[in-house]
>>> print(open('protein-v8.pdb').read())   # PDB, C-alpha atoms, pLDDT in the B column
MODEL        1
ATOM      1  CA  MET A  17      73.829 120.001  78.665  1.00 32.00           C
ATOM      2  CA  VAL A  18      75.085 120.339  82.248  1.00 34.00           C
ATOM      3  CA  ASP A  19      78.263 122.375  82.687  1.00 35.00           C
ATOM      4  CA  SER A  20      81.077 120.088  83.897  1.00 33.00           C
ATOM      5  CA  ARG A  21      81.785 122.403  86.862  1.00 36.00           C
ATOM      6  CA  VAL A  22      78.151 122.167  87.981  1.00 33.00           C
ATOM      7  CA  LYS A  23      78.205 118.391  87.557  1.00 30.00           C
ATOM      8  CA  ALA A  24      81.415 118.116  89.595  1.00 33.00           C
ATOM      9  CA  LEU A  25      79.911 120.290  92.328  1.00 34.00           C
ATOM     10  CA  TYR A  26      76.739 118.178  92.330  1.00 32.00           C
ATOM     11  CA  CYS A  27      78.774 114.971  92.616  1.00 35.00           C
ATOM     12  CA  PHE A  28      80.733 116.454  95.515  1.00 37.00           C
ATOM     13  CA  TYR A  29      77.590 117.330  97.449  1.00 39.00           C
ATOM     14  CA  TYR A  30      75.909 114.048  96.571  1.00 39.00           C
ATOM     15  CA  LYS A  31      78.959 112.104  97.736  1.00 46.00           C
ATOM     16  CA  GLY A  32      79.050 114.129 100.944  1.00 51.00           C
ATOM     17  CA  PHE A  33      75.372 113.498 101.588  1.00 46.00           C
ATOM     18  CA  LEU A  34      75.794 109.817 100.899  1.00 49.00           C
ATOM     19  CA  GLY A  35      78.707 109.703 103.329  1.00 56.00           C
ATOM     20  CA  VAL A  36      76.695 111.347 106.116  1.00 57.00           C
ATOM     21  CA  ALA A  37      73.712 109.067 105.504  1.00 56.00           C
ATOM     22  CA  MET A  38      75.970 106.023 105.453  1.00 64.00           C
ATOM     23  CA  MET A  39      77.694 106.822 108.766  1.00 73.00           C
ATOM     24  CA  GLU A  40      74.345 106.800 110.546  1.00 78.00           C
ATOM     25  CA  ASN A  41      74.017 103.138 109.567  1.00 87.00           C
ATOM     26  CA  VAL A  42      77.564 101.908 110.123  1.00 94.00           C
ATOM     27  CA  ASN A  43      77.936  99.361 112.893  1.00 96.00           C
ATOM     28  CA  ILE A  44      81.337  98.946 114.526  1.00 97.00           C
ATOM     29  CA  ARG A  45      81.856  95.754 116.509  1.00 98.00           C
ATOM     30  CA  ASP A  46      84.590  93.439 117.698  1.00 98.00           C
ATOM     31  CA  ALA A  47      85.749  91.106 114.947  1.00 98.00           C
ATOM     32  CA  ARG A  48      84.797  87.453 115.100  1.00 98.00           C
ATOM     33  CA  ARG A  49      86.760  84.558 113.653  1.00 97.00           C
ATOM     34  CA  THR A  50      84.167  84.360 110.860  1.00 97.00           C
ATOM     35  CA  ASP A  51      85.181  87.900 109.786  1.00 98.00           C
ATOM     36  CA  LEU A  52      88.803  86.971 109.102  1.00 98.00           C
ATOM     37  CA  GLU A  53      88.288  86.094 105.444  1.00 98.00           C
ATOM     38  CA  GLY A  54      86.578  89.434 104.771  1.00 98.00           C
ATOM     39  CA  ILE A  55      89.290  91.293 106.692  1.00 98.00           C
ATOM     40  CA  ILE A  56      91.936  89.580 104.558  1.00 98.00           C
ATOM     41  CA  ASP A  57      90.021  90.342 101.347  1.00 98.00           C
ATOM     42  CA  ILE A  58      90.027  94.058 102.181  1.00 98.00           C
ATOM     43  CA  TYR A  59      93.700  93.935 103.168  1.00 97.00           C
ATOM     44  CA  ASN A  60      94.720  92.090 100.008  1.00 97.00           C
ATOM     45  CA  SER A  61      92.810  94.565  97.845  1.00 96.00           C
ATOM     46  CA  THR A  62      95.253  97.290  98.933  1.00 95.00           C
ATOM     47  CA  ILE A  63      98.468  95.453  98.034  1.00 93.00           C
ATOM     48  CA  ALA A  64      98.456  96.266  94.308  1.00 92.00           C
ATOM     49  CA  SER A  65      98.315 100.025  94.937  1.00 92.00           C
ATOM     50  CA  ARG A  66     101.706  99.921  96.689  1.00 94.00           C
ATOM     51  CA  MET A  67     100.476 102.767  98.916  1.00 91.00           C
ATOM     52  CA  VAL A  68      99.118 101.071 102.005  1.00 92.00           C
ATOM     53  CA  THR A  69     101.056  97.966 103.008  1.00 93.00           C
ATOM     54  CA  ALA A  70     104.582  96.659 102.617  1.00 92.00           C
ATOM     55  CA  ASP A  71     103.272  93.199 101.754  1.00 90.00           C
ATOM     56  CA  LEU A  72     103.966  92.492  98.097  1.00 94.00           C
ATOM     57  CA  GLN A  73     101.836  89.348  97.712  1.00 95.00           C
ATOM     58  CA  PRO A  74      98.348  88.514  99.010  1.00 95.00           C
ATOM     59  CA  VAL A  75      98.152  86.866 102.409  1.00 96.00           C
ATOM     60  CA  THR A  76      95.857  84.041 103.469  1.00 97.00           C
ATOM     61  CA  PRO A  77      93.575  83.806 106.480  1.00 96.00           C
ATOM     62  CA  GLU A  78      95.756  80.975 107.761  1.00 96.00           C
ATOM     63  CA  GLU A  79      98.836  83.198 107.628  1.00 97.00           C
ATOM     64  CA  ARG A  80      97.030  85.888 109.630  1.00 97.00           C
ATOM     65  CA  GLU A  81      95.512  83.584 112.250  1.00 97.00           C
ATOM     66  CA  SER A  82      98.100  84.367 114.947  1.00 97.00           C
ATOM     67  CA  TRP A  83      97.780  88.117 114.221  1.00 97.00           C
ATOM     68  CA  PHE A  84      94.002  87.810 114.610  1.00 98.00           C
ATOM     69  CA  ASN A  85      94.339  85.907 117.895  1.00 97.00           C
ATOM     70  CA  LYS A  86      96.597  88.586 119.444  1.00 96.00           C
ATOM     71  CA  HIS A  87      93.669  91.015 119.497  1.00 98.00           C
ATOM     72  CA  THR A  88      91.442  91.244 122.558  1.00 97.00           C
ATOM     73  CA  PRO A  89      88.409  93.527 122.993  1.00 97.00           C
ATOM     74  CA  GLU A  90      89.640  94.914 126.325  1.00 96.00           C
ATOM     75  CA  PHE A  91      93.300  95.604 125.423  1.00 97.00           C
ATOM     76  CA  ARG A  92      94.077  95.592 121.674  1.00 98.00           C
ATOM     77  CA  PRO A  93      90.810  95.221 119.798  1.00 98.00           C
ATOM     78  CA  LEU A  94      90.194  94.336 116.193  1.00 98.00           C
ATOM     79  CA  TRP A  95      87.006  95.976 114.946  1.00 98.00           C
ATOM     80  CA  VAL A  96      84.990  95.541 111.818  1.00 98.00           C
ATOM     81  CA  ALA A  97      82.690  98.151 110.338  1.00 98.00           C
ATOM     82  CA  GLU A  98      79.500  96.988 108.682  1.00 97.00           C
ATOM     83  CA  PHE A  99      77.050  98.832 106.489  1.00 94.00           C
ATOM     84  CA  GLU A 100      73.802  97.041 105.726  1.00 91.00           C
ATOM     85  CA  GLU A 101      75.397  93.803 107.013  1.00 90.00           C
ATOM     86  CA  ARG A 102      78.317  94.176 104.578  1.00 95.00           C
ATOM     87  CA  LEU A 103      81.916  94.391 105.823  1.00 97.00           C
ATOM     88  CA  CYS A 104      83.112  97.835 104.728  1.00 97.00           C
ATOM     89  CA  GLY A 105      86.298  98.239 106.760  1.00 98.00           C
ATOM     90  CA  TRP A 106      88.308  97.220 109.774  1.00 98.00           C
ATOM     91  CA  VAL A 107      90.511  98.694 112.475  1.00 98.00           C
ATOM     92  CA  SER A 108      93.379  97.078 114.333  1.00 98.00           C
ATOM     93  CA  PHE A 109      94.961  98.206 117.586  1.00 98.00           C
ATOM     94  CA  GLU A 110      98.394  96.671 118.063  1.00 97.00           C
ATOM     95  CA  SER A 111     100.990  96.990 120.761  1.00 96.00           C
ATOM     96  CA  PHE A 112     103.769  99.411 119.976  1.00 94.00           C
ATOM     97  CA  TYR A 113     107.237  97.903 120.068  1.00 91.00           C
ATOM     98  CA  GLY A 114     106.060  94.882 122.068  1.00 86.00           C
ATOM     99  CA  ARG A 115     107.473  95.813 125.470  1.00 94.00           C
ATOM    100  CA  PRO A 116     105.361  96.430 128.609  1.00 94.00           C
ATOM    101  CA  ALA A 117     106.620  99.981 129.218  1.00 97.00           C
ATOM    102  CA  TYR A 118     104.934 100.964 125.932  1.00 97.00           C
ATOM    103  CA  ASN A 119     101.497  99.566 126.842  1.00 96.00           C
ATOM    104  CA  GLN A 120      99.936 103.042 126.935  1.00 97.00           C
ATOM    105  CA  THR A 121     100.827 103.465 123.247  1.00 98.00           C
ATOM    106  CA  ALA A 122      99.053 101.595 120.458  1.00 98.00           C
ATOM    107  CA  GLU A 123      99.571 101.408 116.727  1.00 98.00           C
ATOM    108  CA  VAL A 124      96.359 101.831 114.770  1.00 98.00           C
ATOM    109  CA  SER A 125      95.689 100.515 111.270  1.00 98.00           C
ATOM    110  CA  ILE A 126      92.571 101.273 109.250  1.00 98.00           C
ATOM    111  CA  TYR A 127      91.592  99.480 106.049  1.00 97.00           C
ATOM    112  CA  ILE A 128      88.525 100.394 103.985  1.00 97.00           C
ATOM    113  CA  HIS A 129      86.791  98.304 101.309  1.00 96.00           C
ATOM    114  CA  HIS A 130      87.243  99.996  97.928  1.00 94.00           C
ATOM    115  CA  ASP A 131      83.478 100.559  97.530  1.00 94.00           C
ATOM    116  CA  PHE A 132      83.458 102.667 100.711  1.00 94.00           C
ATOM    117  CA  ARG A 133      86.581 104.795 100.277  1.00 93.00           C
ATOM    118  CA  GLY A 134      86.195 108.547 100.045  1.00 91.00           C
ATOM    119  CA  LYS A 135      82.852 108.601 101.864  1.00 92.00           C
ATOM    120  CA  GLY A 136      84.051 109.618 105.332  1.00 93.00           C
ATOM    121  CA  LEU A 137      84.338 106.120 106.771  1.00 96.00           C
ATOM    122  CA  GLY A 138      88.038 106.542 107.584  1.00 96.00           C
ATOM    123  CA  THR A 139      87.291 109.697 109.564  1.00 96.00           C
ATOM    124  CA  TYR A 140      84.425 107.984 111.349  1.00 96.00           C
ATOM    125  CA  LEU A 141      86.582 104.986 112.273  1.00 97.00           C
ATOM    126  CA  LEU A 142      89.568 107.052 113.398  1.00 98.00           C
ATOM    127  CA  ASN A 143      87.310 109.215 115.576  1.00 97.00           C
ATOM    128  CA  SER A 144      85.892 106.006 117.069  1.00 97.00           C
ATOM    129  CA  VAL A 145      89.446 104.832 117.793  1.00 98.00           C
ATOM    130  CA  ILE A 146      90.280 108.103 119.560  1.00 98.00           C
ATOM    131  CA  ASP A 147      87.049 107.935 121.579  1.00 97.00           C
ATOM    132  CA  ALA A 148      87.841 104.378 122.747  1.00 97.00           C
ATOM    133  CA  CYS A 149      91.356 105.171 123.987  1.00 98.00           C
ATOM    134  CA  PRO A 150      90.455 106.078 127.603  1.00 97.00           C
ATOM    135  CA  ARG A 151      88.556 102.783 128.007  1.00 97.00           C
ATOM    136  CA  LEU A 152      91.533 100.892 126.558  1.00 97.00           C
ATOM    137  CA  ASN A 153      94.066 102.846 128.653  1.00 97.00           C
ATOM    138  CA  VAL A 154      95.759 104.075 125.478  1.00 98.00           C
ATOM    139  CA  HIS A 155      97.336 107.507 125.912  1.00 98.00           C
ATOM    140  CA  ASN A 156      99.163 107.674 122.584  1.00 98.00           C
ATOM    141  CA  LEU A 157      98.225 106.492 119.118  1.00 98.00           C
ATOM    142  CA  VAL A 158     100.727 105.967 116.339  1.00 98.00           C
ATOM    143  CA  GLY A 159     100.319 105.110 112.690  1.00 98.00           C
ATOM    144  CA  PHE A 160     102.890 103.994 110.140  1.00 98.00           C
ATOM    145  CA  ILE A 161     102.074 105.480 106.726  1.00 98.00           C
ATOM    146  CA  PHE A 162     104.040 105.535 103.494  1.00 97.00           C
ATOM    147  CA  GLY A 163     105.138 109.060 102.598  1.00 97.00           C
ATOM    148  CA  HIS A 164     103.366 108.855  99.226  1.00 97.00           C
ATOM    149  CA  ASN A 165     100.025 107.820 100.801  1.00 97.00           C
ATOM    150  CA  THR A 166      98.593 111.329 100.751  1.00 97.00           C
ATOM    151  CA  PRO A 167      94.965 110.348 101.574  1.00 96.00           C
ATOM    152  CA  SER A 168      95.976 108.562 104.787  1.00 97.00           C
ATOM    153  CA  LEU A 169      98.414 111.290 105.841  1.00 98.00           C
ATOM    154  CA  LYS A 170      95.666 113.867 105.281  1.00 97.00           C
ATOM    155  CA  LEU A 171      93.128 111.841 107.284  1.00 97.00           C
ATOM    156  CA  PHE A 172      95.392 111.509 110.304  1.00 98.00           C
ATOM    157  CA  SER A 173      96.505 115.137 110.098  1.00 98.00           C
ATOM    158  CA  GLN A 174      92.905 116.371 110.029  1.00 97.00           C
ATOM    159  CA  LEU A 175      92.294 114.549 113.306  1.00 97.00           C
ATOM    160  CA  GLY A 176      95.257 116.117 115.077  1.00 98.00           C
ATOM    161  CA  PHE A 177      98.033 113.637 114.396  1.00 98.00           C
ATOM    162  CA  SER A 178     101.464 115.064 113.689  1.00 98.00           C
ATOM    163  CA  THR A 179     104.683 113.621 112.303  1.00 98.00           C
ATOM    164  CA  TRP A 180     106.624 111.874 115.050  1.00 98.00           C
ATOM    165  CA  GLY A 181     109.159 110.228 112.786  1.00 98.00           C
ATOM    166  CA  HIS A 182     110.369 110.043 109.202  1.00 98.00           C
ATOM    167  CA  LEU A 183     112.257 107.009 107.960  1.00 98.00           C
ATOM    168  CA  PRO A 184     113.601 107.856 104.503  1.00 98.00           C
ATOM    169  CA  LYS A 185     113.733 105.218 101.763  1.00 98.00           C
ATOM    170  CA  VAL A 186     113.161 102.223 104.047  1.00 97.00           C
ATOM    171  CA  ALA A 187     110.824 100.308 101.707  1.00 97.00           C
ATOM    172  CA  VAL A 188     111.182  99.308  98.071  1.00 96.00           C
ATOM    173  CA  LEU A 189     107.923  99.050  96.140  1.00 95.00           C
ATOM    174  CA  GLU A 190     108.036  98.320  92.421  1.00 93.00           C
ATOM    175  CA  GLY A 191     111.713  99.284  92.393  1.00 95.00           C
ATOM    176  CA  ILE A 192     111.059 102.679  94.015  1.00 95.00           C
ATOM    177  CA  GLU A 193     112.443 103.493  97.462  1.00 97.00           C
ATOM    178  CA  ARG A 194     109.680 104.819  99.711  1.00 97.00           C
ATOM    179  CA  ASP A 195     109.665 106.770 102.967  1.00 98.00           C
ATOM    180  CA  LEU A 196     107.746 105.713 106.048  1.00 98.00           C
ATOM    181  CA  ILE A 197     106.106 108.425 108.124  1.00 98.00           C
ATOM    182  CA  ILE A 198     105.263 107.763 111.761  1.00 98.00           C
ATOM    183  CA  VAL A 199     102.311 109.855 112.820  1.00 98.00           C
ATOM    184  CA  GLY A 200     101.232 110.182 116.429  1.00 98.00           C
ATOM    185  CA  LYS A 201      98.783 111.813 118.751  1.00 98.00           C
ATOM    186  CA  ARG A 202      98.556 112.124 122.512  1.00 98.00           C
ATOM    187  CA  VAL A 203      94.879 111.337 123.035  1.00 96.00           C
ATOM    188  CA  TYR A 204      94.636 111.800 126.810  1.00 89.00           C
TER     189      TYR A 204
ENDMDL
END
>>> encode(input="protein-v8.pdb", output="structure tokens")
Amino acid sequence: MVDSRVKALYCFYYKGFLGVAMMENVNIRDARRTDLEGIIDIYNSTIASRMVTADLQPVTPEERESWFNKHTPEFRPLWVAEFEERLCGWVSFESFYGRPAYNQTAEVSIYIHHDFRGKGLGTYLLNSVIDACPRLNVHNLVGFIFGHNTPSLKLFSQLGFSTWGHLPKVAVLEGIERDLIIVGKRVY
């Protein structure tokens, strides 16, 4: 019988190896209209957790059409990540506060398909976002993360983001008031 500590250690290394092998085969590209349904499926899969989005009910592709159309590859891209031709995540750059003086600052959102969480894809995507900022003329990145979303806060912190704002008890999820943390990073 394998000791549970040895098994846990083996699973950790196996998962890490799988993550490294997977990243070598992840393709990041600009989203196409035909990707919208898959993007929405990944988004909707996060609603029930009450950790990722303030939406309380699933959204439809039709409801997100105008959001999709606001993205442009040269200014505020919407990327999808594919592994073996399967949509495994997506990234959205959005304008911060919607006024021209803030154009050098972008809000970033990252959503990962549940089958690909915990394998390093979030780190890979966020590093790709940071690397693209000079080309997009983005000097500052911000993210809006619920205070109880420890995995996302940890991800952003590990890549040099710090807390730029804390909005206490601004959301109510399942009857519980939740904080919103604004994380930010000056990228160049």
>>> closest_atom_pairs(input="protein-v8.pdb", of="segment 55-163 of chain A", to="segment 178-200 of chain A", cutoff="6 Å", atoms="only C-alpha atoms", output="JSON lines")
{"residue": "A:Leu157", "atom": "CA", "partner": "A:Gly200", "partner_atom": "CA", "distance": 5.5}
{"residue": "A:Val158", "atom": "CA", "partner": "A:Gly200", "partner_atom": "CA", "distance": 4.2}
{"residue": "A:Gly159", "atom": "CA", "partner": "A:Val199", "partner_atom": "CA", "distance": 5.1}
{"residue": "A:Phe160", "atom": "CA", "partner": "A:Ile198", "partner_atom": "CA", "distance": 4.7}
{"residue": "A:Ile161", "atom": "CA", "partner": "A:Ile197", "partner_atom": "CA", "distance": 5.2}
{"residue": "A:Phe162", "atom": "CA", "partner": "A:Leu196", "partner_atom": "CA", "distance": 4.5}
{"residue": "A:Gly163", "atom": "CA", "partner": "A:Asp195", "partner_atom": "CA", "distance": 5.1}
>>> closest_residue(input="protein-v8.pdb", among="A:Lys170, A:Leu94, A:Glu101, A:Lys86", to="Gly114 of chain A", atoms="only C-alpha atoms")
A:Lys86
>>> residues_near_point(input="protein-v8.pdb", point="(99.7, 105.5, 128.8)", cutoff="7 Å", atoms="all atoms listed in the file", output="VMD selection string")
chain A and resid 119 to 121 153 to 156
>>> residues_around(input="protein-v8.pdb", residues="Trp106 of chain A", least_positions_apart="5", cutoff="8 Å", atoms="only C-alpha atoms", output="VMD selection string")
chain A and resid 55 94 to 97 126 to 128
>>> resolve_selection(input="protein-v8.pdb", expression="the PyMOL selection byres ((chain A and resi 72) around 12)", output="JSON, numbers by chain")
{"A": [59, 60, 61, 62, 63, 64, 65, 66, 67, 68, 69, 70, 71, 73, 74, 75, 187, 188, 189, 190, 191]}
>>> residues_around(input="protein-v8.pdb", residues="Thr139 of chain A", least_positions_apart="2", cutoff="9 Å", atoms="only C-alpha atoms", output="list of chain:residue names")
A:Lys135, A:Gly136, A:Leu137, A:Leu141, A:Leu142, A:Asn143, A:Ser144, A:Leu171, A:Phe172, A:Gln174, A:Leu175
>>> atom_distance(input="protein-v8.pdb", atom1="atom CA of Asn165 of chain A", atom2="atom CA of Glu79 of chain A")
25.6 Å
>>> residues_near_point(input="protein-v8.pdb", point="(89.9, 95.5, 110.9)", cutoff="12 Å", atoms="only C-alpha atoms", output="PyMOL selection string")
chain A and resi 44-49+51-59+83-84+87+92-98+103-110+124-129+138+141-142+145
>>> write_last_selection(input="protein-v8.pdb", atoms="C-alpha atoms", output="short mmCIF file (atom, residue, chain, number, x, y, z; two decimals), keeping the file's coordinate frame")
data_model
loop_
_atom_site.label_atom_id
_atom_site.label_comp_id
_atom_site.auth_asym_id
_atom_site.auth_seq_id
_atom_site.Cartn_x
_atom_site.Cartn_y
_atom_site.Cartn_z
CA ILE A 44 81.34 98.95 114.53
CA ARG A 45 81.86 95.75 116.51
CA ASP A 46 84.59 93.44 117.70
CA ALA A 47 85.75 91.11 114.95
CA ARG A 48 84.80 87.45 115.10
CA ARG A 49 86.76 84.56 113.65
CA ASP A 51 85.18 87.90 109.79
CA LEU A 52 88.80 86.97 109.10
CA GLU A 53 88.29 86.09 105.44
CA GLY A 54 86.58 89.43 104.77
CA ILE A 55 89.29 91.29 106.69
CA ILE A 56 91.94 89.58 104.56
CA ASP A 57 90.02 90.34 101.35
CA ILE A 58 90.03 94.06 102.18
CA TYR A 59 93.70 93.94 103.17
CA TRP A 83 97.78 88.12 114.22
CA PHE A 84 94.00 87.81 114.61
CA HIS A 87 93.67 91.02 119.50
CA ARG A 92 94.08 95.59 121.67
CA PRO A 93 90.81 95.22 119.80
CA LEU A 94 90.19 94.34 116.19
CA TRP A 95 87.01 95.98 114.95
CA VAL A 96 84.99 95.54 111.82
CA ALA A 97 82.69 98.15 110.34
CA GLU A 98 79.50 96.99 108.68
CA LEU A 103 81.92 94.39 105.82
CA CYS A 104 83.11 97.84 104.73
CA GLY A 105 86.30 98.24 106.76
CA TRP A 106 88.31 97.22 109.77
CA VAL A 107 90.51 98.69 112.48
CA SER A 108 93.38 97.08 114.33
CA PHE A 109 94.96 98.21 117.59
CA GLU A 110 98.39 96.67 118.06
CA VAL A 124 96.36 101.83 114.77
CA SER A 125 95.69 100.52 111.27
CA ILE A 126 92.57 101.27 109.25
CA TYR A 127 91.59 99.48 106.05
CA ILE A 128 88.52 100.39 103.98
CA HIS A 129 86.79 98.30 101.31
CA GLY A 138 88.04 106.54 107.58
CA LEU A 141 86.58 104.99 112.27
CA LEU A 142 89.57 107.05 113.40
CA VAL A 145 89.45 104.83 117.79
#
>>> atom_distance(input="protein-v8.pdb", atom1="atom CA of Thr166 of chain A", atom2="atom CA of Glu100 of chain A")
29.0 Å
>>> atom_distance(input="protein-v8.pdb", atom1="atom CA of Ala148 of chain A", atom2="atom CA of Ala122 of chain A")
11.8 Å
>>> closest_residue(input="protein-v8.pdb", among="A:Arg102, A:Thr50, A:His164, A:Arg115", to="Pro77 of chain A", atoms="all atoms listed in the file")
A:Thr50
